[in-house]
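Report on one structure; see the data block that follows.
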Amino acid sequence: MSSKSKAFIGIIYRLYNSGATDKIVVAIDNKGSRLAMLAKGARKSSSKKSSYLEIGNYVKGSIIDGYAIPILNEVTVINEFSLWKKNVNGAIAIQFVCEIIDKFCIEDHEDLKLFNVFHDVLKRFDDNRLKMLLSIFCLKILDISGHTPESAQLDFANDSNENSRIIKTQKFILNSPVELSIKVNLQPSEQEKMLQLHMHLIEEILEYPLKSRKILFNIMKIK
């Protein structure tokens, strides 16, 4: 069996144990494709790799190809997006974002828009605007995956000013980068309503609830 070393850059969005001492690391590379790697010995306390292997970490390194699962050879952190990990809200929210990426990232299928949205959202953490940021993320994922919501899907009970603002905001988000979308001035109740809607549409597509959603909504006091 021939093997060769190959460089990669990507963001880790899933980790799980493999055997007594190893971990499987799953990342979206900077072309938007799913990359699963075997980090040998990463569960050992003496492992240098273990400190680099956290969900949400933007990393670069190399893999040894030619195996059923490529072996992670070297890894260093470009950005650990530490603001997400400093409080409970951010820590649960990054799990939520990573879980959604896990559902929409596909092996051997490049989707640069998916990577860019993930990366842009991770760069914009703001605890005071977290509901807005997560709502933006969900809407852009819906759009990238070909499930852009129509106004009719909003299922609002009446044509109130609040609903009109949400619809206008959705249109702006779909045509604007994350850095501009996050500046839109919606009331907290409007941000919450929009997040609930987008999350509901994602779960309809997946046909099951996301594991992290209930915990996230509980800590953010969203009904």
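Residues in the structure tokens are named by chain (A, B, ... in the order shown) and by number from 1 within that chain; ligands are numbered from 1 in the order shown.
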
Report task. List the neighbours of Tyr67 (chain A) out to 12 Å using only C-alpha atoms; skip same-chain residues closer than 2 positions along the sequence, and give me the result as a PyMOL selection string. Result -> chain A and resi 1-5+36-38+63-65+69-72

**Report entry** Selection near Val121 (chain A), 9 Å with only C-alpha atoms, sequence-local residues under 2 positions removed, as a PyMOL selection string
**Finding:** chain A and resi 116-119+123-125+133-134+136-137+178-179

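Residue nearest Glu110 (chain A), chosen from A:His200, A:Arg14, A:Lys214, A:Lys31 and counting only C-alpha atoms: A:Lys31.
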
Requested in this report: Find the residues near Phe96 (chain A): any atom within 12 Å, counting only C-alpha atoms, skip ones fewer than 2 places away on the same chain, and give them as JSON, numbers by chain.
Outcome: {"A": [13, 14, 55, 56, 84, 89, 90, 91, 92, 93, 94, 98, 99, 100, 101, 102, 103, 118, 122, 130, 131, 134, 135, 137, 138, 199, 209, 210, 211, 212, 213, 214, 215, 216, 217]}

Go ahead and save the picked residues with N, CA and C atoms, as a compact mmCIF listing (two decimals), in the first residue's frame.
```txt
# COMPACT_ATOMS: atom_id res chain seq x y z
N TYR A 13 -15.37 20.36 13.11
CA TYR A 13 -16.76 20.50 13.57
C TYR A 13 -17.29 19.26 14.29
N ARG A 14 -16.50 18.19 14.32
CA ARG A 14 -16.94 16.99 15.04
C ARG A 14 -15.73 16.20 15.52
N ILE A 55 -13.74 21.36 18.69
CA ILE A 55 -14.66 21.81 17.66
C ILE A 55 -14.59 23.33 17.55
N GLY A 56 -14.71 23.81 16.32
CA GLY A 56 -14.61 25.24 16.08
C GLY A 56 -13.21 25.73 15.83
N TRP A 84 -16.10 32.25 21.61
CA TRP A 84 -17.23 31.33 21.70
C TRP A 84 -17.13 30.44 22.94
N ASN A 89 -23.25 30.22 26.97
CA ASN A 89 -24.00 30.53 25.75
C ASN A 89 -23.18 30.24 24.50
N GLY A 90 -21.97 30.76 24.49
CA GLY A 90 -21.11 30.57 23.32
C GLY A 90 -20.71 29.13 23.11
N ALA A 91 -20.41 28.43 24.21
CA ALA A 91 -19.98 27.03 24.11
C ALA A 91 -21.09 26.14 23.54
N ILE A 92 -22.33 26.36 23.97
CA ILE A 92 -23.45 25.59 23.44
C ILE A 92 -23.77 26.02 22.01
N ALA A 93 -23.67 27.33 21.75
CA ALA A 93 -23.97 27.84 20.41
C ALA A 93 -23.01 27.30 19.37
N ILE A 94 -21.73 27.16 19.72
CA ILE A 94 -20.77 26.63 18.74
C ILE A 94 -21.04 25.15 18.48
N CYS A 98 -21.84 23.75 14.77
CA CYS A 98 -21.08 22.61 14.26
C CYS A 98 -21.98 21.42 13.93
N GLU A 99 -23.03 21.24 14.71
CA GLU A 99 -23.95 20.14 14.42
C GLU A 99 -24.67 20.37 13.09
N ILE A 100 -25.02 21.60 12.81
CA ILE A 100 -25.67 21.90 11.53
C ILE A 100 -24.70 21.70 10.37
N ILE A 101 -23.47 22.15 10.53
CA ILE A 101 -22.46 21.92 9.48
C ILE A 101 -22.29 20.43 9.23
N ASP A 102 -22.31 19.63 10.29
CA ASP A 102 -22.16 18.19 10.16
C ASP A 102 -23.25 17.58 9.27
N LYS A 103 -24.44 18.17 9.31
CA LYS A 103 -25.56 17.63 8.53
C LYS A 103 -25.52 18.04 7.06
N PHE A 118 -19.59 29.38 7.42
CA PHE A 118 -19.14 28.84 8.71
C PHE A 118 -18.02 29.71 9.28
N LEU A 122 -18.15 32.27 12.62
CA LEU A 122 -17.25 32.06 13.75
C LEU A 122 -16.44 33.33 14.07
N LEU A 130 -26.23 37.21 19.76
CA LEU A 130 -26.06 35.79 19.43
C LEU A 130 -27.28 35.22 18.71
N LYS A 131 -28.48 35.59 19.12
CA LYS A 131 -29.67 35.08 18.45
C LYS A 131 -29.70 35.52 16.99
N LEU A 134 -26.98 33.50 14.99
CA LEU A 134 -27.40 32.13 14.73
C LEU A 134 -28.53 32.08 13.70
N SER A 135 -29.41 33.06 13.75
CA SER A 135 -30.49 33.14 12.76
C SER A 135 -29.93 33.38 11.36
N PHE A 137 -26.94 32.55 10.34
CA PHE A 137 -26.28 31.31 9.96
C PHE A 137 -27.28 30.29 9.41
N CYS A 138 -28.37 30.10 10.13
CA CYS A 138 -29.38 29.12 9.70
C CYS A 138 -29.99 29.48 8.36
N MET A 199 -34.72 27.69 12.43
CA MET A 199 -34.39 26.40 13.04
C MET A 199 -35.46 25.37 12.73
N PRO A 209 -35.11 16.46 15.17
CA PRO A 209 -34.57 17.61 15.90
C PRO A 209 -33.06 17.49 16.10
N LEU A 210 -32.39 18.61 16.10
CA LEU A 210 -30.97 18.64 16.41
C LEU A 210 -30.77 18.45 17.91
N LYS A 211 -29.74 17.71 18.28
CA LYS A 211 -29.49 17.42 19.69
C LYS A 211 -29.20 18.67 20.51
N SER A 212 -28.47 19.60 19.91
CA SER A 212 -28.03 20.79 20.66
C SER A 212 -29.10 21.87 20.74
N ARG A 213 -30.15 21.77 19.94
CA ARG A 213 -31.14 22.84 19.88
C ARG A 213 -31.88 23.02 21.21
N LYS A 214 -32.31 21.94 21.82
CA LYS A 214 -33.05 22.05 23.07
C LYS A 214 -32.22 22.70 24.16
N ILE A 215 -30.96 22.29 24.28
CA ILE A 215 -30.07 22.87 25.30
C ILE A 215 -29.86 24.35 25.01
N LEU A 216 -29.60 24.68 23.74
CA LEU A 216 -29.36 26.07 23.36
C LEU A 216 -30.58 26.94 23.67
N PHE A 217 -31.75 26.48 23.27
CA PHE A 217 -32.95 27.26 23.49
C PHE A 217 -33.26 27.41 24.99
```

Query raised in the report: Among region 8-128 of chain A, which residues carry a DSSP assignment of strand (DSSP E or B), reported as a ChimeraX atom specification?
Result: /A:8-18,22-29,34-39,58-65,71-79,107

Keeping only N, CA and C atoms, take the residues you just selected and write them out as a tab-separated table (two decimals), in the first residue's frame.
```tsv
chain	number	residue	atom	x	y	z
A	8	PHE	N	-3.57	20.20	4.49
A	8	PHE	CA	-4.97	20.61	4.53
A	8	PHE	C	-5.13	21.83	5.42
A	9	ILE	N	-6.20	22.58	5.19
A	9	ILE	CA	-6.63	23.68	6.05
A	9	ILE	C	-8.13	23.51	6.23
A	10	GLY	N	-8.61	23.61	7.45
A	10	GLY	CA	-10.04	23.44	7.66
A	10	GLY	C	-10.48	23.78	9.07
A	11	ILE	N	-11.78	23.66	9.29
A	11	ILE	CA	-12.37	23.93	10.61
A	11	ILE	C	-12.97	22.65	11.15
A	12	ILE	N	-12.55	22.28	12.35
A	12	ILE	CA	-13.05	21.06	12.99
A	12	ILE	C	-14.49	21.28	13.46
A	13	TYR	N	-15.37	20.36	13.11
A	13	TYR	CA	-16.76	20.50	13.57
A	13	TYR	C	-17.29	19.26	14.29
A	14	ARG	N	-16.50	18.19	14.32
A	14	ARG	CA	-16.94	16.99	15.04
A	14	ARG	C	-15.73	16.20	15.52
A	15	LEU	N	-15.84	15.63	16.72
A	15	LEU	CA	-14.80	14.78	17.30
A	15	LEU	C	-15.48	13.61	17.99
A	16	TYR	N	-14.92	12.44	17.83
A	16	TYR	CA	-15.41	11.31	18.63
A	16	TYR	C	-14.29	10.29	18.82
A	17	ASN	N	-14.44	9.51	19.88
A	17	ASN	CA	-13.39	8.57	20.26
A	17	ASN	C	-13.35	7.37	19.32
A	18	SER	N	-12.15	6.83	19.16
A	18	SER	CA	-11.94	5.62	18.36
A	18	SER	C	-10.95	4.74	19.11
A	22	ASP	N	-7.35	6.75	20.48
A	22	ASP	CA	-7.43	7.57	19.28
A	22	ASP	C	-8.71	8.39	19.21
A	23	LYS	N	-8.72	9.35	18.30
A	23	LYS	CA	-9.92	10.14	18.02
A	23	LYS	C	-10.12	10.25	16.52
A	24	ILE	N	-11.39	10.31	16.12
A	24	ILE	CA	-11.72	10.67	14.76
A	24	ILE	C	-12.01	12.17	14.74
A	25	VAL	N	-11.34	12.88	13.86
A	25	VAL	CA	-11.50	14.32	13.72
A	25	VAL	C	-12.18	14.59	12.38
A	26	VAL	N	-13.28	15.31	12.40
A	26	VAL	CA	-13.98	15.63	11.16
A	26	VAL	C	-13.96	17.14	10.98
A	27	ALA	N	-13.53	17.57	9.79
A	27	ALA	CA	-13.41	19.00	9.51
A	27	ALA	C	-14.01	19.31	8.15
A	28	ILE	N	-14.37	20.56	7.95
A	28	ILE	CA	-14.70	21.05	6.62
A	28	ILE	C	-13.46	21.78	6.12
A	29	ASP	N	-12.92	21.32	4.98
A	29	ASP	CA	-11.69	21.96	4.50
A	29	ASP	C	-12.02	23.28	3.82
A	34	ARG	N	-15.98	17.66	3.21
A	34	ARG	CA	-15.82	16.94	4.48
A	34	ARG	C	-14.51	16.16	4.48
A	35	LEU	N	-13.76	16.27	5.58
A	35	LEU	CA	-12.50	15.55	5.73
A	35	LEU	C	-12.47	14.86	7.08
A	36	ALA	N	-12.47	13.54	7.08
A	36	ALA	CA	-12.37	12.77	8.32
A	36	ALA	C	-10.95	12.25	8.47
A	37	MET	N	-10.39	12.34	9.68
A	37	MET	CA	-8.99	11.96	9.93
A	37	MET	C	-8.89	11.17	11.23
A	38	LEU	N	-7.96	10.27	11.28
A	38	LEU	CA	-7.68	9.51	12.49
A	38	LEU	C	-6.51	10.15	13.22
A	39	ALA	N	-6.77	10.65	14.43
A	39	ALA	CA	-5.71	11.24	15.25
A	39	ALA	C	-5.24	10.19	16.24
A	58	TYR	N	-9.95	26.43	13.80
A	58	TYR	CA	-9.51	26.57	12.42
A	58	TYR	C	-8.05	26.13	12.41
A	59	VAL	N	-7.76	25.06	11.70
A	59	VAL	CA	-6.44	24.43	11.80
A	59	VAL	C	-5.81	24.20	10.43
A	60	LYS	N	-4.50	24.00	10.46
A	60	LYS	CA	-3.79	23.55	9.27
A	60	LYS	C	-2.87	22.42	9.68
A	61	GLY	N	-2.57	21.55	8.75
A	61	GLY	CA	-1.71	20.42	9.07
A	61	GLY	C	-1.51	19.52	7.87
A	62	SER	N	-1.22	18.27	8.14
A	62	SER	CA	-1.03	17.31	7.06
A	62	SER	C	-1.63	15.97	7.46
A	63	ILE	N	-2.04	15.23	6.46
A	63	ILE	CA	-2.57	13.88	6.66
A	63	ILE	C	-1.77	12.89	5.82
A	64	ILE	N	-1.73	11.66	6.29
A	64	ILE	CA	-1.11	10.59	5.51
A	64	ILE	C	-2.24	9.83	4.83
A	65	ASP	N	-2.29	9.94	3.52
A	65	ASP	CA	-3.34	9.31	2.75
A	65	ASP	C	-2.99	7.86	2.43
A	71	ILE	N	-4.66	9.44	8.13
A	71	ILE	CA	-4.08	9.62	9.46
A	71	ILE	C	-3.59	11.06	9.62
A	72	LEU	N	-4.03	11.69	10.69
A	72	LEU	CA	-3.60	13.06	10.98
A	72	LEU	C	-2.15	13.03	11.42
A	73	ASN	N	-1.31	13.71	10.67
A	73	ASN	CA	0.13	13.67	10.92
A	73	ASN	C	0.59	14.85	11.76
A	74	GLU	N	0.28	16.04	11.29
A	74	GLU	CA	0.65	17.27	12.01
A	74	GLU	C	-0.55	18.20	12.03
A	75	VAL	N	-0.62	19.02	13.08
A	75	VAL	CA	-1.71	20.00	13.15
A	75	VAL	C	-1.30	21.18	14.02
A	76	THR	N	-1.65	22.38	13.56
A	76	THR	CA	-1.46	23.59	14.35
A	76	THR	C	-2.73	24.45	14.20
A	77	VAL	N	-2.97	25.31	15.16
A	77	VAL	CA	-4.18	26.13	15.16
A	77	VAL	C	-3.91	27.48	14.49
A	78	ILE	N	-4.80	27.83	13.56
A	78	ILE	CA	-4.78	29.16	12.95
A	78	ILE	C	-5.59	30.12	13.81
A	79	ASN	N	-6.77	29.67	14.22
A	79	ASN	CA	-7.66	30.49	15.06
A	79	ASN	C	-8.56	29.55	15.85
A	107	GLU	N	-18.70	14.61	1.99
A	107	GLU	CA	-17.38	14.15	1.56
A	107	GLU	C	-17.29	14.14	0.04
```

**Report entry** Given only C-alpha atoms as the counted atoms, nearest of A:Lys48, A:Lys193, A:Lys140, A:Arg129 to Val97 (chain A)
**Finding:** A:Lys140

**Report entry** Counting only C-alpha atoms, the residue of A:Ser181, A:Thr169, A:Gln191, A:Ser145 that sits nearest Asp111 (chain A)
**Finding:** A:Ser145

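For the pair CA of Leu142 (chain A) and CA of Glu190 (chain A), the separation is 19.0 Å.
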
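In this model, the gap between CA of Asp143 (chain A) and CA of Asn185 (chain A) comes to 21.7 Å.
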
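By chain and then residue number, the residues within 12 Å of Asn161 (chain A) are A:Phe156, A:Arg165, A:Ile166, A:Ile167, A:Lys168, A:Leu186, A:Gln187, A:Glu190, counting only C-alpha atoms and disregarding those fewer than 4 positions away in sequence.
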
Please dump the current selection as a PDB file, in the first residue's frame; keep N, CA and C atoms.
```pdb
ATOM      1  N   PHE A 156     -46.918  33.452   9.357  1.00  0.00           N
ATOM      2  CA  PHE A 156     -47.269  34.433  10.369  1.00  0.00           C
ATOM      3  C   PHE A 156     -48.786  34.590  10.450  1.00  0.00           C
ATOM      4  N   ARG A 165     -40.902  43.529   9.121  1.00  0.00           N
ATOM      5  CA  ARG A 165     -39.480  43.790   9.364  1.00  0.00           C
ATOM      6  C   ARG A 165     -38.664  42.507   9.243  1.00  0.00           C
ATOM      7  N   ILE A 166     -39.216  41.404   9.743  1.00  0.00           N
ATOM      8  CA  ILE A 166     -38.506  40.130   9.659  1.00  0.00           C
ATOM      9  C   ILE A 166     -38.336  39.701   8.202  1.00  0.00           C
ATOM     10  N   ILE A 167     -39.390  39.838   7.407  1.00  0.00           N
ATOM     11  CA  ILE A 167     -39.311  39.461   5.990  1.00  0.00           C
ATOM     12  C   ILE A 167     -38.280  40.330   5.262  1.00  0.00           C
ATOM     13  N   LYS A 168     -38.284  41.631   5.522  1.00  0.00           N
ATOM     14  CA  LYS A 168     -37.297  42.525   4.905  1.00  0.00           C
ATOM     15  C   LYS A 168     -35.878  42.152   5.338  1.00  0.00           C
ATOM     16  N   LEU A 186     -32.818  44.652  14.662  1.00  0.00           N
ATOM     17  CA  LEU A 186     -34.072  44.000  15.015  1.00  0.00           C
ATOM     18  C   LEU A 186     -34.202  43.938  16.526  1.00  0.00           C
ATOM     19  N   GLN A 187     -35.420  44.031  17.010  1.00  0.00           N
ATOM     20  CA  GLN A 187     -35.666  43.886  18.438  1.00  0.00           C
ATOM     21  C   GLN A 187     -35.361  42.447  18.876  1.00  0.00           C
ATOM     22  N   GLU A 190     -37.873  39.960  17.843  1.00  0.00           N
ATOM     23  CA  GLU A 190     -37.851  39.694  16.403  1.00  0.00           C
ATOM     24  C   GLU A 190     -36.704  38.759  16.045  1.00  0.00           C
TER      25      GLU A 190
END
```

Query raised in the report: DSSP on the backbone: what in region 31-222 of chain A comes out helix (DSSP H, G or I), as number ranges by chain?
Result: A: 50-52, 82-85, 88-104, 112-122, 127-144, 151-154, 161-174, 178-181, 188-206, 211-219

Using only C-alpha atoms, please write the residues we just selected to a file, as a short mmCIF file (atom, residue, chain, number, x, y, z; two decimals), in the first residue's frame.
```
data_model
loop_
_atom_site.label_atom_id
_atom_site.label_comp_id
_atom_site.auth_asym_id
_atom_site.auth_seq_id
_atom_site.Cartn_x
_atom_site.Cartn_y
_atom_site.Cartn_z
CA SER A 50 -5.06 16.93 21.90
CA SER A 51 -4.85 20.64 22.79
CA TYR A 52 -5.40 21.56 19.14
CA SER A 82 -11.88 31.57 21.79
CA LEU A 83 -14.70 34.10 22.35
CA TRP A 84 -17.23 31.33 21.70
CA LYS A 85 -15.70 29.20 24.44
CA VAL A 88 -21.97 28.75 28.44
CA ASN A 89 -24.00 30.53 25.75
CA GLY A 90 -21.11 30.57 23.32
CA ALA A 91 -19.98 27.03 24.11
CA ILE A 92 -23.45 25.59 23.44
CA ALA A 93 -23.97 27.84 20.41
CA ILE A 94 -20.77 26.63 18.74
CA GLN A 95 -21.93 23.04 19.25
CA PHE A 96 -25.22 24.01 17.60
CA VAL A 97 -23.44 25.58 14.60
CA CYS A 98 -21.08 22.61 14.26
CA GLU A 99 -23.95 20.14 14.42
CA ILE A 100 -25.67 21.90 11.53
CA ILE A 101 -22.46 21.92 9.48
CA ASP A 102 -22.16 18.19 10.16
CA LYS A 103 -25.56 17.63 8.53
CA PHE A 104 -24.84 19.66 5.39
CA LEU A 112 -16.96 26.87 -0.82
CA LYS A 113 -20.04 28.90 0.20
CA LEU A 114 -20.63 26.50 3.09
CA PHE A 115 -17.08 26.90 4.37
CA ASN A 116 -17.17 30.69 3.97
CA VAL A 117 -20.43 31.08 5.91
CA PHE A 118 -19.14 28.84 8.71
CA HIS A 119 -15.88 30.78 8.88
CA ASP A 120 -17.57 34.20 8.70
CA VAL A 121 -20.02 33.33 11.48
CA LEU A 122 -17.25 32.06 13.75
CA ASP A 127 -22.95 37.48 23.02
CA ASN A 128 -25.38 40.40 22.83
CA ARG A 129 -26.29 39.56 19.22
CA LEU A 130 -26.06 35.79 19.43
CA LYS A 131 -29.67 35.08 18.45
CA MET A 132 -29.26 37.29 15.40
CA LEU A 133 -25.99 35.64 14.42
CA LEU A 134 -27.40 32.13 14.73
CA SER A 135 -30.49 33.14 12.76
CA ILE A 136 -28.28 34.53 9.98
CA PHE A 137 -26.28 31.31 9.96
CA CYS A 138 -29.38 29.12 9.70
CA LEU A 139 -30.90 31.19 6.90
CA LYS A 140 -27.70 31.13 4.87
CA ILE A 141 -27.43 27.35 5.34
CA LEU A 142 -31.00 27.00 4.08
CA ASP A 143 -30.13 29.12 1.05
CA ILE A 144 -26.88 27.28 0.26
CA SER A 151 -42.47 34.42 2.35
CA ALA A 152 -45.41 32.00 2.43
CA GLN A 153 -43.40 29.66 4.64
CA LEU A 154 -43.20 32.28 7.36
CA ASN A 161 -45.07 45.54 11.37
CA GLU A 162 -42.88 43.03 13.20
CA ASN A 163 -43.48 40.37 10.57
CA SER A 164 -42.81 42.83 7.76
CA ARG A 165 -39.48 43.79 9.36
CA ILE A 166 -38.51 40.13 9.66
CA ILE A 167 -39.31 39.46 5.99
CA LYS A 168 -37.30 42.53 4.90
CA THR A 169 -34.42 41.41 7.13
CA GLN A 170 -34.45 37.94 5.61
CA LYS A 171 -34.16 39.42 2.12
CA PHE A 172 -31.28 41.62 3.25
CA ILE A 173 -29.44 38.68 4.86
CA LEU A 174 -29.78 36.57 1.72
CA VAL A 178 -22.53 38.15 7.54
CA GLU A 179 -20.59 41.24 8.63
CA LEU A 180 -23.35 43.54 7.32
CA SER A 181 -26.28 41.29 8.23
CA PRO A 188 -34.72 40.88 20.64
CA SER A 189 -38.20 39.41 20.19
CA GLU A 190 -37.85 39.69 16.40
CA GLN A 191 -34.42 38.06 16.45
CA GLU A 192 -35.83 35.23 18.55
CA LYS A 193 -38.82 34.77 16.25
CA MET A 194 -36.58 34.64 13.18
CA LEU A 195 -34.24 32.11 14.80
CA GLN A 196 -37.16 29.88 15.77
CA LEU A 197 -38.46 29.97 12.22
CA HIS A 198 -35.14 29.17 10.55
CA MET A 199 -34.39 26.40 13.04
CA HIS A 200 -37.81 24.88 12.44
CA LEU A 201 -37.20 24.85 8.67
CA ILE A 202 -33.82 23.16 9.09
CA GLU A 203 -35.32 20.46 11.29
CA GLU A 204 -38.10 19.94 8.74
CA ILE A 205 -35.46 19.29 6.08
CA LEU A 206 -33.52 16.91 8.34
CA LYS A 211 -29.49 17.42 19.69
CA SER A 212 -28.03 20.79 20.66
CA ARG A 213 -31.14 22.84 19.88
CA LYS A 214 -33.05 22.05 23.07
CA ILE A 215 -30.07 22.87 25.30
CA LEU A 216 -29.36 26.07 23.36
CA PHE A 217 -32.95 27.26 23.49
CA ASN A 218 -33.15 26.50 27.23
CA ILE A 219 -30.08 28.58 28.12
#
```

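Taking CA of Glu207 (chain A) and CA of Ile106 (chain A) as the two end points, the separation is 17.8 Å.
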